[in-house]
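What follows is the content of run.cif (mmCIF, C-alpha atoms and all ligand atoms).
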```cif
data_entry
loop_
_atom_site.label_atom_id
_atom_site.label_comp_id
_atom_site.auth_asym_id
_atom_site.auth_seq_id
_atom_site.Cartn_x
_atom_site.Cartn_y
_atom_site.Cartn_z
CA MET A 1 -24.47 -6.41 4.05
CA GLU A 2 -21.99 -9.13 3.19
CA LYS A 3 -22.24 -8.17 -0.46
CA GLU A 4 -21.51 -4.60 0.50
CA ARG A 5 -18.52 -5.79 2.48
CA MET A 6 -16.95 -7.55 -0.48
CA LEU A 7 -17.76 -4.90 -3.06
CA GLY A 8 -14.70 -2.68 -2.64
CA LEU A 9 -12.31 -5.58 -3.00
CA PHE A 10 -14.35 -7.04 -5.82
CA LEU A 11 -14.11 -3.82 -7.81
CA ILE A 12 -10.37 -3.55 -7.31
CA SER A 13 -9.82 -7.21 -8.18
CA ARG A 14 -11.89 -6.94 -11.31
CA TRP A 15 -10.07 -3.78 -12.30
CA MET A 16 -6.73 -5.53 -11.85
CA GLU A 17 -7.85 -8.35 -14.09
CA ASP A 18 -9.10 -5.89 -16.71
CA VAL A 19 -5.97 -3.77 -16.76
CA GLU A 20 -3.78 -6.85 -17.07
CA ARG A 21 -5.92 -8.40 -19.78
CA GLY A 22 -6.08 -5.17 -21.75
CA ASN A 23 -2.36 -4.39 -21.64
CA PRO A 24 -0.47 -7.65 -21.87
CA GLU A 25 2.68 -6.01 -23.26
CA LEU A 26 3.00 -3.85 -20.14
CA VAL A 27 1.09 -5.37 -17.23
CA SER A 28 1.27 -8.70 -15.47
CA SER A 29 0.15 -9.76 -12.00
CA ALA A 30 1.39 -11.97 -9.21
CA VAL A 31 0.06 -13.18 -5.90
CA TYR A 32 2.97 -12.85 -3.49
CA GLY A 33 1.33 -13.48 -0.17
CA TYR A 34 -1.81 -14.26 1.78
CA THR A 35 -3.54 -12.26 4.46
CA TYR A 36 -4.35 -13.56 7.91
CA GLU A 37 -7.83 -14.47 6.71
CA GLY A 38 -6.40 -16.16 3.64
CA ARG A 39 -7.02 -13.60 0.93
CA ASN A 40 -4.54 -13.07 -1.88
CA ILE A 41 -2.13 -10.15 -1.74
CA THR A 42 -1.71 -9.28 -5.38
CA LEU A 43 0.53 -6.89 -7.28
CA LEU A 44 0.60 -5.55 -10.77
CA LYS A 45 3.98 -5.42 -12.47
CA LEU A 46 4.41 -2.67 -15.05
CA GLY A 47 7.38 -2.94 -17.35
CA LEU A 48 8.44 -3.15 -20.99
CA GLU A 49 11.04 -5.42 -22.46
CA ASN A 50 14.51 -3.92 -22.36
CA PRO A 51 15.59 -3.59 -26.01
CA GLU A 52 19.21 -4.41 -25.16
CA GLY A 53 18.32 -7.28 -22.89
CA ARG A 54 19.83 -5.59 -19.83
CA GLU A 55 18.73 -6.50 -16.34
CA LYS A 56 16.01 -4.20 -15.14
CA LYS A 57 15.82 -2.40 -11.82
CA VAL A 58 12.76 -2.33 -9.58
CA ILE A 59 10.50 0.37 -8.17
CA TRP A 60 8.08 -0.67 -5.42
CA VAL A 61 4.77 1.11 -4.79
CA ASP A 62 2.25 -0.14 -2.25
CA CYS A 63 -1.05 1.21 -1.00
CA GLY A 64 -3.62 0.31 1.60
CA ILE A 65 -1.51 -0.90 4.54
CA HIS A 66 -3.89 1.06 6.74
CA ALA A 67 -7.40 -0.11 5.97
CA ARG A 68 -9.33 3.14 6.34
CA GLU A 69 -7.06 5.23 4.12
CA TRP A 70 -9.16 4.66 1.03
CA ILE A 71 -7.44 7.36 -0.98
CA ALA A 72 -4.34 5.15 -1.02
CA PRO A 73 -5.72 2.19 -3.01
CA ALA A 74 -7.40 4.78 -5.24
CA PHE A 75 -4.01 6.34 -5.88
CA CYS A 76 -2.42 3.02 -6.78
CA GLN A 77 -5.13 2.48 -9.35
CA TRP A 78 -4.77 6.01 -10.65
CA PHE A 79 -1.01 5.56 -10.89
CA VAL A 80 -1.38 2.40 -12.97
CA LYS A 81 -4.09 3.97 -15.12
CA GLU A 82 -1.96 7.02 -15.89
CA ILE A 83 1.02 4.91 -16.89
CA VAL A 84 -1.08 2.58 -19.01
CA HIS A 85 -2.68 5.50 -20.81
CA SER A 86 0.43 7.56 -21.43
CA TYR A 87 3.49 5.34 -21.86
CA SER A 88 3.02 4.83 -25.59
CA THR A 89 3.04 8.57 -26.28
CA ASP A 90 5.49 9.64 -23.58
CA LYS A 91 9.05 8.81 -24.64
CA LYS A 92 10.53 9.40 -21.21
CA LEU A 93 8.01 7.13 -19.54
CA GLU A 94 8.56 4.48 -22.18
CA GLN A 95 12.32 4.62 -21.59
CA MET A 96 11.83 4.33 -17.84
CA LEU A 97 9.59 1.30 -18.28
CA GLN A 98 12.28 -0.33 -20.43
CA ASN A 99 14.78 0.09 -17.61
CA LEU A 100 12.49 -0.38 -14.63
CA ASP A 101 9.83 -2.79 -13.50
CA VAL A 102 7.30 -1.03 -11.31
CA TYR A 103 5.57 -3.32 -8.80
CA VAL A 104 2.27 -1.90 -7.57
CA THR A 105 0.20 -3.42 -4.75
CA PRO A 106 -3.16 -1.62 -4.61
CA VAL A 107 -4.14 -3.13 -1.25
CA VAL A 108 -1.72 -4.75 1.18
CA ASN A 109 -4.09 -4.99 4.15
CA VAL A 110 -6.86 -6.73 2.24
CA ASP A 111 -8.66 -8.08 5.32
CA GLY A 112 -8.76 -4.67 6.95
CA TYR A 113 -9.90 -3.04 3.73
CA VAL A 114 -12.76 -5.50 3.36
CA PHE A 115 -13.70 -4.86 6.99
CA THR A 116 -13.95 -1.10 6.37
CA TRP A 117 -16.58 -1.80 3.74
CA ALA A 118 -18.82 -3.74 6.13
CA ASN A 119 -20.70 -0.84 7.68
CA ASN A 120 -20.26 2.65 9.02
CA SER A 121 -19.00 1.51 12.38
CA THR A 122 -16.11 -0.34 10.74
CA ARG A 123 -15.27 2.31 8.14
CA ARG A 124 -12.42 3.73 10.19
CA TRP A 125 -10.69 0.46 11.00
CA ARG A 126 -6.91 0.86 10.62
CA LYS A 127 -5.24 -2.43 11.50
CA SER A 128 -5.18 -5.93 10.04
CA ARG A 129 -7.77 -8.50 11.19
CA SER A 130 -5.65 -11.10 12.95
CA THR A 131 -7.31 -12.69 15.95
CA PRO A 132 -6.73 -11.31 19.45
CA PRO A 133 -3.78 -12.57 21.48
CA PRO A 134 -4.60 -14.71 24.56
CA GLY A 135 -6.50 -12.75 27.17
CA SER A 136 -7.55 -10.00 24.77
CA SER A 137 -10.65 -9.48 22.69
CA CYS A 138 -9.08 -6.93 20.36
CA TYR A 139 -8.37 -7.85 16.75
CA GLY A 140 -5.67 -6.68 14.44
CA VAL A 141 -2.13 -5.39 14.27
CA ASP A 142 -0.88 -2.08 12.93
CA LEU A 143 0.99 -3.49 9.96
CA ASN A 144 3.02 -0.31 9.62
CA ARG A 145 4.54 -1.00 13.03
CA ASN A 146 5.22 -4.67 12.35
CA PHE A 147 8.15 -4.45 9.92
CA ASN A 148 11.62 -5.47 10.98
CA ALA A 149 13.06 -2.00 11.49
CA ASN A 150 13.82 -1.07 15.08
CA TRP A 151 10.63 -2.95 15.85
CA GLY A 152 8.88 -2.14 19.10
CA THR A 153 11.19 0.67 20.13
CA VAL A 154 9.27 3.91 19.71
CA GLY A 155 5.82 5.13 18.67
CA VAL A 156 4.10 1.80 19.17
CA SER A 157 1.88 0.07 21.68
CA PHE A 158 2.05 -3.47 23.03
CA ASP A 159 -1.63 -3.25 23.95
CA SER A 160 -3.51 -5.25 21.32
CA CYS A 161 -6.46 -2.88 21.66
CA SER A 162 -4.36 0.07 20.54
CA ASN A 163 -4.41 1.31 16.97
CA THR A 164 -0.60 1.20 16.98
CA TYR A 165 -0.26 -2.33 18.35
CA CYS A 166 2.96 -3.61 16.79
CA GLY A 167 2.21 -7.33 17.05
CA ARG A 168 3.97 -10.18 18.83
CA SER A 169 7.26 -9.75 17.02
CA ALA A 170 8.76 -8.15 13.94
CA GLY A 171 7.14 -9.68 10.89
CA SER A 172 4.63 -11.68 12.94
CA GLU A 173 1.85 -10.64 10.54
CA PRO A 174 1.59 -12.39 7.19
CA GLU A 175 0.90 -9.15 5.31
CA ALA A 176 4.09 -7.45 6.53
CA LYS A 177 6.06 -10.64 6.09
CA ALA A 178 4.83 -11.02 2.51
CA VAL A 179 6.19 -7.59 1.60
CA MET A 180 9.48 -8.21 3.40
CA ASP A 181 9.92 -11.63 1.79
CA PHE A 182 9.04 -10.50 -1.70
CA VAL A 183 10.98 -7.23 -1.76
CA GLY A 184 13.74 -8.81 0.30
CA GLY A 185 14.22 -11.34 -2.49
CA MET A 186 15.11 -8.62 -5.00
CA LEU A 187 17.08 -6.16 -2.90
CA ASN A 188 20.02 -6.07 -5.26
CA LYS A 189 17.88 -4.51 -7.96
CA THR A 190 15.31 -2.48 -6.01
CA LEU A 191 16.04 1.25 -6.17
CA CYS A 192 12.98 2.86 -4.68
CA PHE A 193 10.20 2.01 -2.20
CA LEU A 194 7.09 4.20 -2.07
CA THR A 195 4.33 3.43 0.42
CA ILE A 196 1.14 5.42 0.21
CA HIS A 197 -0.96 6.54 3.18
CA SER A 198 -3.22 9.37 4.25
CA ALA A 199 -3.54 11.96 5.63
CA GLY A 200 -1.50 15.08 6.42
CA GLN A 201 0.08 16.09 3.09
CA LEU A 202 3.51 14.88 4.04
CA ILE A 203 6.41 13.18 2.31
CA LEU A 204 8.14 11.17 5.04
CA LEU A 205 11.64 9.78 4.72
CA PRO A 206 13.59 7.39 6.95
CA TYR A 207 13.86 7.05 9.86
CA GLY A 208 10.96 7.08 12.27
CA HIS A 209 13.34 6.78 15.20
CA PRO A 210 14.65 10.21 16.17
CA GLU A 211 18.15 8.91 16.89
CA ILE A 212 18.81 7.32 13.52
CA SER A 213 19.59 9.12 10.29
CA ALA A 214 19.76 7.67 6.80
CA PRO A 215 23.22 7.82 5.22
CA ASN A 216 21.77 9.63 2.21
CA TYR A 217 19.50 11.85 4.30
CA ASP A 218 20.40 15.06 2.41
CA GLU A 219 19.60 13.54 -0.93
CA LEU A 220 16.36 12.02 0.38
CA VAL A 221 15.34 15.49 1.52
CA SER A 222 16.24 17.21 -1.75
CA VAL A 223 14.51 14.56 -3.89
CA GLY A 224 11.48 14.72 -1.59
CA LYS A 225 11.34 18.49 -1.83
CA ALA A 226 11.57 18.37 -5.62
CA ALA A 227 8.58 15.98 -5.57
CA ALA A 228 6.65 18.32 -3.26
CA GLU A 229 7.28 21.22 -5.65
CA LYS A 230 5.94 19.17 -8.54
CA MET A 231 2.89 18.26 -6.46
CA GLU A 232 2.18 21.85 -5.53
CA LYS A 233 2.24 22.87 -9.19
CA VAL A 234 -0.67 20.54 -9.96
CA HIS A 235 -3.36 21.97 -7.68
CA GLY A 236 -1.50 24.34 -5.35
CA MET A 237 -1.48 21.97 -2.39
CA GLY A 238 1.56 22.10 -0.14
CA TYR A 239 3.31 18.93 1.05
CA THR A 240 5.88 19.01 3.87
CA VAL A 241 9.05 16.92 3.60
CA GLY A 242 10.99 15.41 6.49
CA THR A 243 11.44 12.44 8.76
CA SER A 244 8.50 11.29 10.81
CA PRO A 245 9.92 12.62 14.11
CA GLN A 246 10.55 15.98 12.46
CA ILE A 247 7.11 16.57 10.99
CA LEU A 248 4.70 13.96 12.42
CA TYR A 249 5.72 11.71 15.30
CA PRO A 250 8.42 9.14 16.10
CA ASN A 251 7.62 5.58 15.11
CA SER A 252 9.26 2.23 14.48
CA GLY A 253 8.55 -0.88 12.48
CA SER A 254 7.33 0.99 9.40
CA SER A 255 7.74 -0.43 5.93
CA ARG A 256 9.51 2.76 4.84
CA ASP A 257 12.17 2.34 7.49
CA TRP A 258 12.54 -1.34 6.75
CA ALA A 259 13.14 -0.61 3.07
CA ARG A 260 15.93 1.89 3.79
CA LEU A 261 17.38 -0.31 6.49
CA VAL A 262 17.77 -3.28 4.16
CA GLY A 263 19.51 -1.16 1.58
CA ILE A 264 16.94 0.33 -0.77
CA PRO A 265 18.37 3.81 -1.34
CA PHE A 266 15.16 5.78 -1.84
CA SER A 267 12.27 5.14 0.50
CA TYR A 268 9.32 7.43 1.19
CA THR A 269 5.91 7.43 2.79
CA PHE A 270 3.38 9.66 1.08
CA GLU A 271 0.67 10.97 3.38
CA LEU A 272 -1.90 12.22 0.90
CA ARG A 273 -4.66 14.80 1.41
CA ASP A 274 -5.82 16.40 3.51
CA LYS A 275 -4.43 18.21 6.53
CA GLY A 276 -7.06 17.03 8.97
CA GLU A 277 -10.33 18.59 7.94
CA PHE A 278 -11.75 15.37 6.52
CA SER A 279 -8.73 13.08 6.85
CA HIS A 280 -9.54 9.48 5.91
CA LEU A 281 -13.02 10.36 4.69
CA LEU A 282 -11.87 12.58 1.87
CA PRO A 283 -14.76 14.22 0.01
CA GLU A 284 -15.44 12.86 -3.41
CA GLU A 285 -14.42 16.02 -5.24
CA GLN A 286 -10.92 15.80 -3.79
CA ILE A 287 -10.18 12.24 -4.82
CA GLN A 288 -9.07 12.86 -8.38
CA PRO A 289 -7.03 16.00 -7.59
CA ALA A 290 -5.31 14.15 -4.74
CA CYS A 291 -4.40 11.33 -7.10
CA GLU A 292 -3.20 13.73 -9.79
CA GLU A 293 -0.81 15.59 -7.52
CA ALA A 294 0.45 12.39 -5.92
CA TYR A 295 1.13 10.96 -9.36
CA ALA A 296 3.29 14.00 -10.17
CA GLY A 297 5.19 13.52 -6.92
CA ALA A 298 5.74 9.80 -7.38
CA LEU A 299 6.86 10.26 -10.97
CA SER A 300 9.29 12.98 -9.92
CA ILE A 301 11.00 10.59 -7.49
CA ILE A 302 10.97 7.67 -9.90
CA ALA A 303 12.45 9.83 -12.69
CA HIS A 304 15.25 11.00 -10.39
CA VAL A 305 16.04 7.45 -9.36
CA HIS A 306 15.92 6.26 -12.95
CA ASP A 307 18.17 9.01 -14.27
CA LYS A 308 20.67 8.50 -11.51
CA ALA A 309 20.87 4.78 -12.16
CA PHE A 310 20.82 4.83 -15.91
CA SER A 311 22.39 8.13 -16.89
CA SER A 312 25.10 9.10 -14.47
CA GLY A 313 25.91 5.92 -12.72
CA SER A 314 26.09 5.02 -9.11
CA LEU A 315 23.41 4.99 -6.49
CA PRO A 316 24.24 5.11 -2.81
CA ASN A 317 22.87 1.66 -2.57
CA ALA A 318 23.16 0.24 0.08
CA ALA A 319 23.29 -3.26 -0.72
CA VAL A 320 24.25 -4.07 2.76
CA SER A 321 25.24 -7.68 3.12
CA GLY A 322 22.70 -9.87 4.86
CA LEU A 323 24.95 -10.61 7.81
CA ALA A 324 25.96 -6.99 8.32
CA LEU A 325 22.35 -5.98 8.22
CA ILE A 326 21.28 -8.51 10.78
CA ILE A 327 24.09 -7.52 13.14
CA TRP A 328 23.43 -3.82 12.75
CA SER A 329 19.70 -4.23 13.09
CA SER A 330 20.11 -6.30 16.25
CA VAL A 331 22.54 -3.85 17.78
CA MET A 332 20.27 -0.94 17.04
CA THR A 333 17.23 -2.74 18.39
CA VAL A 334 18.96 -3.50 21.68
CA PHE A 335 20.27 0.04 21.88
CA LEU A 336 16.97 1.64 21.03
CA SER A 337 14.87 -0.59 23.20
CA THR A 338 16.44 1.09 26.18
CA GLY A 339 14.91 4.36 25.03
CA VAL A 340 11.56 5.78 25.86
CA LEU A 341 8.57 3.96 24.49
CA SER A 342 6.02 6.51 23.49
CA LEU A 343 2.56 6.19 22.08
CA THR A 344 1.91 7.88 18.80
CA ARG A 345 -0.48 10.69 18.45
CA HIS A 346 -3.44 9.64 16.48
CA SER A 347 -5.48 11.50 14.02
CA SER A 348 -9.08 11.61 15.07
CA HIS A 349 -10.28 13.35 11.96
CA GLU A 350 -12.17 11.05 9.68
CA MET A 351 -14.39 11.43 6.67
CA THR A 352 -16.07 9.68 3.87
CA ALA A 353 -14.71 8.97 0.45
CA ASN A 354 -16.45 7.59 -2.55
CA ILE A 355 -13.42 6.56 -4.49
CA PHE A 356 -15.09 4.17 -6.78
CA HIS A 357 -17.52 6.75 -7.99
CA ILE A 358 -14.54 8.73 -9.23
CA LEU A 359 -12.52 5.83 -10.49
CA PHE A 360 -15.15 3.63 -11.97
CA GLY A 361 -18.28 5.71 -12.18
CA PRO A 362 -21.21 4.70 -10.02
CA PHE A 363 -21.57 0.99 -9.45
CA THR A 364 -24.80 -0.79 -9.82
CA HIS A 365 -26.87 -3.07 -7.70
CA ARG A 366 -26.53 -5.54 -10.52
CA GLU A 367 -22.78 -5.53 -9.95
CA ILE A 368 -23.35 -6.19 -6.30
CA GLU A 369 -25.61 -9.09 -7.21
CA GLN A 370 -23.02 -10.44 -9.66
CA GLN A 371 -20.40 -10.22 -6.97
CA GLY A 372 -22.63 -12.09 -4.55
CA ALA A 373 -23.39 -14.70 -7.16
CA SER A 374 -19.74 -15.20 -8.05
CA GLY A 375 -19.01 -17.11 -4.90
CA SER A 376 -20.31 -18.15 -1.56
CA GLN A 377 -18.81 -15.18 0.25
CA ASP A 378 -22.15 -13.60 0.90
CA THR A 379 -22.89 -15.78 3.88
CA GLU A 380 -21.10 -16.09 7.16
CA GLU A 381 -20.84 -19.81 6.56
CA GLY A 382 -19.29 -19.21 3.17
CA ASP A 383 -16.92 -16.71 4.72
CA ARG A 384 -15.79 -19.18 7.35
CA SER A 385 -15.21 -21.84 4.71
CA ARG A 386 -13.19 -19.42 2.66
CA VAL A 387 -11.15 -18.39 5.65
CA ASN A 388 -10.44 -21.98 6.55
CA GLU A 389 -9.46 -22.66 2.99
CA GLY A 390 -7.21 -19.62 3.15
CA ARG A 391 -5.46 -20.97 6.22
CA LEU A 392 -4.95 -24.25 4.45
CA GLN A 393 -3.47 -22.34 1.54
CA ARG A 394 -1.09 -20.59 3.90
CA VAL A 395 0.05 -23.86 5.34
CA ARG A 396 0.52 -25.29 1.88
CA LYS A 397 2.38 -22.18 0.79
CA ARG A 398 4.63 -22.28 3.83
CA GLN A 399 5.42 -25.86 3.01
CA THR A 400 6.16 -24.91 -0.58
CA ASP A 401 8.23 -21.91 0.49
CA GLU A 402 10.43 -24.08 2.60
CA ARG A 403 11.51 -25.74 -0.59
CA ARG A 404 12.15 -22.40 -2.32
CA PRO A 405 14.90 -19.86 -1.84
CA HIS A 406 12.47 -16.93 -1.83
CA SER A 407 8.73 -16.55 -1.76
CA ASN A 408 8.93 -13.89 -4.47
CA GLN A 409 9.13 -16.67 -6.97
CA ALA A 410 5.37 -16.63 -7.00
CA SER A 411 4.39 -17.30 -10.55
CA HIS A 412 3.29 -14.50 -12.77
CA ARG A 413 0.09 -15.33 -14.48
CA PRO A 414 0.51 -14.92 -18.22
CA SER A 415 -1.59 -12.20 -19.71
CA PRO A 416 -3.98 -13.44 -22.36
CA ARG A 417 -3.13 -11.82 -25.65
CA GLY A 418 -5.57 -10.23 -28.04
CA ALA A 419 -7.90 -9.16 -25.27
CA THR A 420 -10.06 -6.11 -25.58
CA VAL A 421 -8.91 -2.72 -24.41
CA THR A 422 -9.21 -2.18 -20.70
CA GLN A 423 -12.51 -0.79 -19.60
CA TRP A 424 -11.45 1.75 -17.06
CA HIS A 425 -14.75 3.36 -16.29
CA GLN A 426 -17.62 1.15 -15.34
CA PRO A 427 -20.82 2.12 -17.08
CA ALA A 428 -22.71 4.85 -15.32
CA ASP A 429 -26.04 3.42 -14.33
CA ASP A 430 -29.02 4.26 -12.23
CA CYS A 431 -27.41 3.32 -9.00
CA GLN A 432 -26.43 4.51 -5.59
CA THR A 433 -22.93 5.45 -4.77
CA ARG A 434 -21.22 4.11 -1.70
CA GLN A 435 -21.59 7.45 0.01
CA GLN A 436 -25.30 7.51 -0.69
CA VAL A 437 -25.66 3.99 0.64
CA CYS A 438 -23.92 5.00 3.86
CA CYS A 439 -26.05 8.07 4.23
CA THR A 440 -29.23 6.14 3.54
CA VAL A 441 -28.44 3.50 6.11
CA CYS A 442 -27.41 5.59 9.06
CA GLY A 443 -27.08 9.20 8.09
CA CYS A 444 -24.04 11.17 7.00
CA ASP A 445 -23.78 12.94 10.33
CA SER A 446 -23.39 9.73 12.25
CA LEU A 447 -20.87 8.56 9.67
CA LEU A 448 -18.77 11.63 10.24
CA MET A 449 -19.10 11.79 13.98
CA LYS A 450 -19.05 8.22 15.12
CA ASP A 451 -15.73 7.09 16.48
CA MET A 452 -14.28 3.58 16.58
ZN ZN B 501 -1.47 5.12 7.25
#
```

For this file, write the structure as structure tokens.
Ligand SMILES: [Zn+2]
Amino acid sequence: MEKERMLGLFLISRWMEDVERGNPELVSSAVYGYTYEGRNITLLKLGLENPEGREKKVIWVDCGIHAREWIAPAFCQWFVKEIVHSYSTDKKLEQMLQNLDVYVTPVVNVDGYVFTWANNSTRRWRKSRSTPPPGSSCYGVDLNRNFNANWGTVGVSFDSCSNTYCGRSAGSEPEAKAVMDFVGGMLNKTLCFLTIHSAGQLILLPYGHPEISAPNYDELVSVGKAAAEKMEKVHGMGYTVGTSPQILYPNSGSSRDWARLVGIPFSYTFELRDKGEFSHLLPEEQIQPACEEAYAGALSIIAHVHDKAFSSGSLPNAAVSGLALIIWSSVMTVFLSTGVLSLTRHSSHEMTANIFHILFGPFTHREIEQQGASGSQDTEEGDRSRVNEGRLQRVRKRQTDERRPHSNQASHRPSPRGATVTQWHQPADDCQTRQQVCCTVCGCDSLLMKDM
């Protein structure tokens, strides 16, 4: 079972290594943080050298903040794959990659994601895996309520057993802090922040608090609607555009809101398929279409941002000074904390998704064995050792960070040159898919019906 648990992460990690090794002119990687349990939080950076040597701007894309939303990490991989496969024949894309560096994190909540692979009863875990606060036995924090944006004011719970538990304080969780530290270190050049979730078929824009409006709200809406139109053209699926209070529910402490609050002009949450029928357990046949339409939407936004920055000039950026931001944020937090604290509605629709079957082809038991053999993670003892080592790493990193201006100076590993072309699809073999494994172990009905 431990091998099963590590398989999802193993496949993504191996894919990241392959795509970097196979495309050294375009792709590099960096570890920019560590999870509560000490796992790496890794991004892929996609960008070409600017022929005129100009400073490049940044686009941020992250997936997998909520552990059970498996379509999100799948999208991040699809997004990278599409760019890798098409940039050399697509002049517009090539130009954008000469002006922009696109930072893609396939899985932010790595601990939670690993936990969802453990067994059917953990498949719908949403939060991180930090240990319970004193007096509680409930693990985890909703990382998308832990960012420093009107934290704790609306649409959250202070009950650690809740799925929307916002943590002890803004940025108390290492995963949220890693994103804030890394992106916060390059605010002056970051134009766009896309964070990918499921489900609901929504494009959400700032802010989650009903009493705050983004200064460029109208433009955020029009750019979002243009993306939704592009998405609908792919497979006919409709996506609704608006703020979270308008079309979903009020919330606070989201990464999307944090990004806009600190001055990134374009910030969106994508809630991918579907509208509730299967929700987080998206059927296998919908995985690729969902990724295809989301790619069209993301590219639409990125192209708008690029053209605005590099063709016609000024963005509404934002570049709020650090002091002004802190003052404003504090004032707003005090003001908003007097408002009503409401619990978010929560989707209870869940379903299964065999993303890797689509992305990689079926995996094999041999791969599982290789994964188990590659380390000591397949025992609880090994896991504990690794976790302890991870905590040590965090301490060491904290000590190192104190000597650095920003933690986003994490070193980029150089890509080995002359490597073979990326192997995107794993070889199809006589093997069981993840879905089949789940069904074999405890039955598809129980997988669909059982609640957390
Ligand atoms: Zn989510």

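Across the structure, atom CA of Cys291 of chain A and atom CA of Arg145 of chain A are spaced 25.2 Å apart.
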
May I ask you to write as a CSV table (one decimal) with C-alpha atoms, in the frame of the given file all residues lying at most 7 Å from ligand ZN 501 (chain B), with only C-alpha atoms and all ligand atoms counted?
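Heads up, here's the output in part-v6.csv:
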```csv
chain,number,residue,atom,x,y,z
A,65,ILE,CA,-1.5,-0.9,4.5
A,66,HIS,CA,-3.9,1.1,6.7
A,69,GLU,CA,-7.1,5.2,4.1
A,197,HIS,CA,-1.0,6.5,3.2
A,198,SER,CA,-3.2,9.4,4.2
```

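Nearest residue to Ile203 of chain A among A:Ser254, A:Ser267, A:Ser160, A:Thr153 is A:Ser267, counting only C-alpha atoms.
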
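Among the candidates A:Gln98, A:Arg260, A:Gly167, A:Gly242, the residue lying nearest to Gly53 of chain A is A:Gln98 (atoms considered: only C-alpha atoms).
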
- Item | Straight-line distance linking atom CA of Leu44 of chain A with atom CA of Met16 of chain A, stated in Å to one decimal | 7.4 Å
